[in-house]
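Written below as structure tokens is the structure these notes are about.
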Amino acid sequence: MAKSDAHELDRARLAAIVDSSFDPIISKDLDGTVRTWNRAAEQVFGYSAKEMIGAPIFKIVPPHLENEEREILARVGVGDHIPAFETVRQLKDLSYITVSLTLSPIKNAQGHIVGASAITRDITASRDRERRIRVLLREVNHRVKNQYAIILSMIRQMRWTETDPQTFERHIAERIMALSASHDLIVSADWEGAALADLVAIQLKPFGHDDVIAFRGPAVMLTPKAVENLGMAFHELALNSSRHGVLSGKPGTITISWNVGQAADPKTFFVQWDEKTSDPFPAAGEPSSGFGSVILRRVAPQALGSAGEIIREKFRLNWTLQGQLSGFTTDIEQ
């Protein structure tokens with residue numbers, strides 16, 4: 001094979017490799033004039049080879065980064081080594097992508113640098129994932145600190161009402177497990193919250209008696225803060241019922257309902273626990289003191305910017321919470 005034929009074969013092989021690459025490979029003169037533009041570059045940037053060959057590379061460089069591109073071309077021209085770096089490029093539709101660039105000098109037959117070859121890798125998706133991970137880590141940090149604060153509050157409140165160490169240990173464990181159940185719901189939804197119906201179901205599941213429990217309301221996605229605080233409230237109400245009410249085996253029903261909007265204000269949220277039994281509640285049959293009372297009367301209402309109320313009658317225990325919709329959720333499914 002003649003030397004010229006071998007050279008042409010090498011060029012053809014190199015061109016085939018460049019054209020079949022999954023990453024854009026672009027060559028340009030030192031003034032930024034594009035000389036080659038492979039198929040991947042067409043697919044990524046939206047410009048055809050016909051549109052770009054002979055055109056300035058600055059068509060895909062955002063205006064605020066033009067000086068960066070000129071400086072890099074100047075450094076390539078004097079033989080500086082340019083390590084791989086990240087920057088931003090502009091597509092034909094004017095949107096931006098984050099890219100990793102690897103530059104190599106192009107030399108002529110005399111060994112002079114006449115241009116640069118750039119391998120471009122679109123890393124937008126990976127950078128978006130990294131940003132999301134950072135956001136989630138910040139959210140985890142915030143939630144963990146919040147959990148610690150809640151648990152410390154539990155311990156402070158319960159130490160005044162629980163005199164038996166074994167009872168204290170059992171009750172604190174139950175409440176931490178209830179908090180953990182709410183936390184699991186938040187995590188399963190990528191820290192965005194949880195459906196109110198799911199929260200009710202998971203908090204009442206340990207108490208059994210599913211046949212006497214009903215819950216109804218529109219499909220609502222709660223904020224993480226609402227999940228935590230309503231979860232604690234439902235647990236305290238169920239715990240009280242397991243001691244004095246329907247969940248202890250007394251005949252009766254528990255209805256948990258919620259509504260979005262009232263006639264006077266469509267941006268309100270209302271949730272209710274309505275427990276009725278044919279056997280009267282005992283005189284102490286209300287979470288009127290201790291940690292349960294603190295959660296229902298103060299902690300949950302204050303945390304959610306709402307008003308809570310407990311009404312106790314001989315055969316009925318009713319707890320309501322009402323506040324602005326924004327304190328509970330920003331996503332209502334129709």
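Chain labels follow the order of the structure tokens: the first chain is A, the next B, and so on; residue numbering restarts at 1 in every chain, and ligands are counted from 1 in their shown order.
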
So that I can check the surroundings of segment 188-203 of chain A, please list as number ranges by chain every protein, DNA and RNA residue that reaches within 6 Å of it, counting only C-alpha atoms and ignoring chain neighbours fewer than 4 positions away. A: 220-224, 235

Given only C-alpha atoms as the basis, pick out the residue of A:Ile57, A:Ile213, A:Val271, A:Met52 nearest to Pro251 of chain A.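 For Pro251 of chain A, the nearest of the given residues is A:Ile213.
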
Segment 188-282 of chain A: which residues are strand (DSSP E) by DSSP, as a list in words?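 The strand (DSSP E) subset of segment 188-282 of chain A is Ala194, Ala195, Ile213, Ala214, Phe215, Arg216, Val220, Met221, Leu222, Gly252, Thr253, Ile254, Thr255, Ile256, Ser257, Trp258, Asn259, Val260, Thr268, Phe269, Phe270, Val271, Gln272, Trp273, Asp274, Glu275, Lys276 and Thr277 of chain A.
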
List the neighbours of Leu325 of chain A out to 6 Å using only C-alpha atoms; skip same-chain residues closer than 3 positions along the sequence, and give me the result as a short mmCIF file (atom, residue, chain, number, x, y, z; two decimals) with all heavy atoms, in the first residue's frame.
data_model
loop_
_atom_site.label_atom_id
_atom_site.label_comp_id
_atom_site.auth_asym_id
_atom_site.auth_seq_id
_atom_site.Cartn_x
_atom_site.Cartn_y
_atom_site.Cartn_z
N LYS A 267 -59.29 29.04 51.63
CA LYS A 267 -57.90 28.68 51.85
C LYS A 267 -57.65 28.15 53.26
O LYS A 267 -56.57 28.31 53.81
CB LYS A 267 -56.99 29.87 51.56
CG LYS A 267 -57.02 30.31 50.10
CD LYS A 267 -56.05 31.44 49.84
CE LYS A 267 -56.05 31.83 48.35
NZ LYS A 267 -55.10 32.93 48.09
N THR A 268 -58.66 27.54 53.84
CA THR A 268 -58.50 26.97 55.17
C THR A 268 -58.44 25.45 55.09
O THR A 268 -58.85 24.84 54.09
CB THR A 268 -59.67 27.35 56.10
OG1 THR A 268 -60.90 26.93 55.50
CG2 THR A 268 -59.72 28.85 56.32
N PHE A 269 -57.94 24.85 56.15
CA PHE A 269 -57.86 23.40 56.25
C PHE A 269 -58.43 22.99 57.60
O PHE A 269 -58.17 23.61 58.62
CB PHE A 269 -56.41 22.94 56.13
CG PHE A 269 -56.27 21.44 56.06
CD1 PHE A 269 -56.51 20.77 54.88
CD2 PHE A 269 -55.92 20.70 57.18
CE1 PHE A 269 -56.39 19.39 54.80
CE2 PHE A 269 -55.79 19.33 57.12
CZ PHE A 269 -56.03 18.66 55.92
N PHE A 328 -50.54 23.54 56.04
CA PHE A 328 -50.68 22.08 55.98
C PHE A 328 -50.17 21.50 54.66
O PHE A 328 -49.50 20.48 54.63
CB PHE A 328 -52.15 21.68 56.15
CG PHE A 328 -52.70 21.95 57.52
CD1 PHE A 328 -53.17 23.21 57.85
CD2 PHE A 328 -52.74 20.96 58.47
CE1 PHE A 328 -53.67 23.47 59.11
CE2 PHE A 328 -53.23 21.21 59.75
CZ PHE A 328 -53.70 22.47 60.07
#

Out of A:Val114, A:Thr277, A:Leu296, A:Thr329, which residue has the shortest atom-to-atom distance to Lys314 of chain A when counting only C-alpha atoms? A:Thr277

Residues within 10 Å of Ala238 of chain A, only C-alpha atoms, excluding chain neighbours under 2 positions, as a VMD selection string: chain A and resid 203 to 207 232 to 236 240 to 248 254 273 275

What's the separation between atom CA of Phe22 of chain A and atom CA of Arg121 of chain A, in Å to one decimal place? 8.9 Å

So how many Å separate atom CA of Asp210 of chain A and atom CA of Gly308 of chain A, to one decimal? 25.5 Å

Non-local contacts of Leu91 of chain A (9 Å; only C-alpha atoms; under 5 positions in same chain excluded) as a PyMOL selection string: chain A and resi 44-47+59-61+96-97

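Nearest to Thr253 of chain A of all the residues A:Ser21, A:Phe315, A:Pro282, A:Leu239 is A:Phe315, counting only C-alpha atoms.
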
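Close contacts of Phe215 of chain A, defined as residues with an atom at most 7 Å away when counting only C-alpha atoms, with chain neighbours fewer than 3 positions off set aside, comprise Thr255, Ile256 and Ser257 of chain A.
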
Just-selected residues, all heavy atoms written as a PDB file, in the first residue's frame:
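Final file, part.pdb:
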ATOM      1  N   THR A 255     -64.339   8.429  63.722  1.00  0.00           N
ATOM      2  CA  THR A 255     -64.347   8.984  62.371  1.00  0.00           C
ATOM      3  C   THR A 255     -63.310  10.096  62.298  1.00  0.00           C
ATOM      4  O   THR A 255     -63.361  11.050  63.075  1.00  0.00           O
ATOM      5  CB  THR A 255     -65.729   9.551  61.999  1.00  0.00           C
ATOM      6  OG1 THR A 255     -66.709   8.518  62.114  1.00  0.00           O
ATOM      7  CG2 THR A 255     -65.719  10.086  60.573  1.00  0.00           C
ATOM      8  N   ILE A 256     -62.377   9.941  61.375  1.00  0.00           N
ATOM      9  CA  ILE A 256     -61.362  10.972  61.144  1.00  0.00           C
ATOM     10  C   ILE A 256     -61.672  11.588  59.786  1.00  0.00           C
ATOM     11  O   ILE A 256     -61.713  10.894  58.774  1.00  0.00           O
ATOM     12  CB  ILE A 256     -59.949  10.370  61.158  1.00  0.00           C
ATOM     13  CG1 ILE A 256     -59.704   9.653  62.486  1.00  0.00           C
ATOM     14  CG2 ILE A 256     -58.902  11.459  60.935  1.00  0.00           C
ATOM     15  CD1 ILE A 256     -58.494   8.760  62.477  1.00  0.00           C
ATOM     16  N   SER A 257     -61.891  12.881  59.789  1.00  0.00           N
ATOM     17  CA  SER A 257     -62.272  13.544  58.536  1.00  0.00           C
ATOM     18  C   SER A 257     -61.477  14.833  58.371  1.00  0.00           C
ATOM     19  O   SER A 257     -60.962  15.395  59.339  1.00  0.00           O
ATOM     20  CB  SER A 257     -63.773  13.844  58.526  1.00  0.00           C
ATOM     21  OG  SER A 257     -64.127  14.664  59.635  1.00  0.00           O
TER      22      SER A 257
END

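Taking atom CA of Glu309 of chain A and atom CA of Gly252 of chain A as endpoints, the distance between them is 21.4 Å.
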
Run DSSP on the backbone and grab whatever in segment 41-121 of chain A lands in alpha helix (DSSP H); send it over as a ChimeraX atom specification. /A:41-45,49-52,66-77

N, CA and C atoms of the current selection, written as a compact mmCIF listing (two decimals), in the first residue's frame:
# COMPACT_ATOMS: atom_id res chain seq x y z
N ALA A 41 -22.38 16.26 18.10
CA ALA A 41 -22.51 17.71 18.29
C ALA A 41 -23.83 18.20 17.71
N GLU A 42 -24.21 17.64 16.57
CA GLU A 42 -25.51 18.01 15.98
C GLU A 42 -26.65 17.66 16.93
N GLN A 43 -26.58 16.46 17.50
CA GLN A 43 -27.66 15.99 18.37
C GLN A 43 -27.72 16.78 19.68
N VAL A 44 -26.57 17.10 20.25
CA VAL A 44 -26.56 17.79 21.54
C VAL A 44 -26.90 19.27 21.39
N PHE A 45 -26.26 19.95 20.46
CA PHE A 45 -26.40 21.40 20.38
C PHE A 45 -27.55 21.86 19.47
N ALA A 49 -24.04 20.28 10.99
CA ALA A 49 -22.66 20.54 10.59
C ALA A 49 -22.60 21.67 9.56
N LYS A 50 -23.58 21.69 8.65
CA LYS A 50 -23.62 22.73 7.63
C LYS A 50 -23.76 24.12 8.26
N GLU A 51 -24.52 24.21 9.37
CA GLU A 51 -24.71 25.49 10.04
C GLU A 51 -23.46 25.94 10.80
N MET A 52 -22.67 24.97 11.27
CA MET A 52 -21.58 25.32 12.18
C MET A 52 -20.21 25.36 11.53
N GLU A 66 -17.89 34.44 26.77
CA GLU A 66 -17.08 34.61 25.57
C GLU A 66 -15.62 34.89 25.91
N ASN A 67 -15.37 35.71 26.92
CA ASN A 67 -13.99 36.01 27.30
C ASN A 67 -13.26 34.75 27.78
N GLU A 68 -13.99 33.88 28.50
CA GLU A 68 -13.39 32.62 28.95
C GLU A 68 -12.93 31.80 27.76
N GLU A 69 -13.77 31.70 26.72
CA GLU A 69 -13.43 30.93 25.53
C GLU A 69 -12.23 31.54 24.80
N ARG A 70 -12.19 32.86 24.68
CA ARG A 70 -11.07 33.52 23.99
C ARG A 70 -9.76 33.29 24.76
N GLU A 71 -9.82 33.37 26.07
CA GLU A 71 -8.61 33.17 26.88
C GLU A 71 -8.09 31.74 26.75
N ILE A 72 -9.01 30.78 26.70
CA ILE A 72 -8.60 29.38 26.58
C ILE A 72 -7.96 29.13 25.22
N LEU A 73 -8.55 29.68 24.15
CA LEU A 73 -7.97 29.52 22.82
C LEU A 73 -6.58 30.17 22.76
N ALA A 74 -6.44 31.30 23.43
CA ALA A 74 -5.13 31.97 23.45
C ALA A 74 -4.10 31.12 24.17
N ARG A 75 -4.49 30.49 25.26
CA ARG A 75 -3.57 29.63 26.02
C ARG A 75 -3.18 28.38 25.21
N VAL A 76 -4.17 27.81 24.50
CA VAL A 76 -3.87 26.66 23.64
C VAL A 76 -2.85 27.08 22.58
N GLY A 77 -3.03 28.29 22.03
CA GLY A 77 -2.15 28.76 20.97
C GLY A 77 -0.71 28.91 21.38
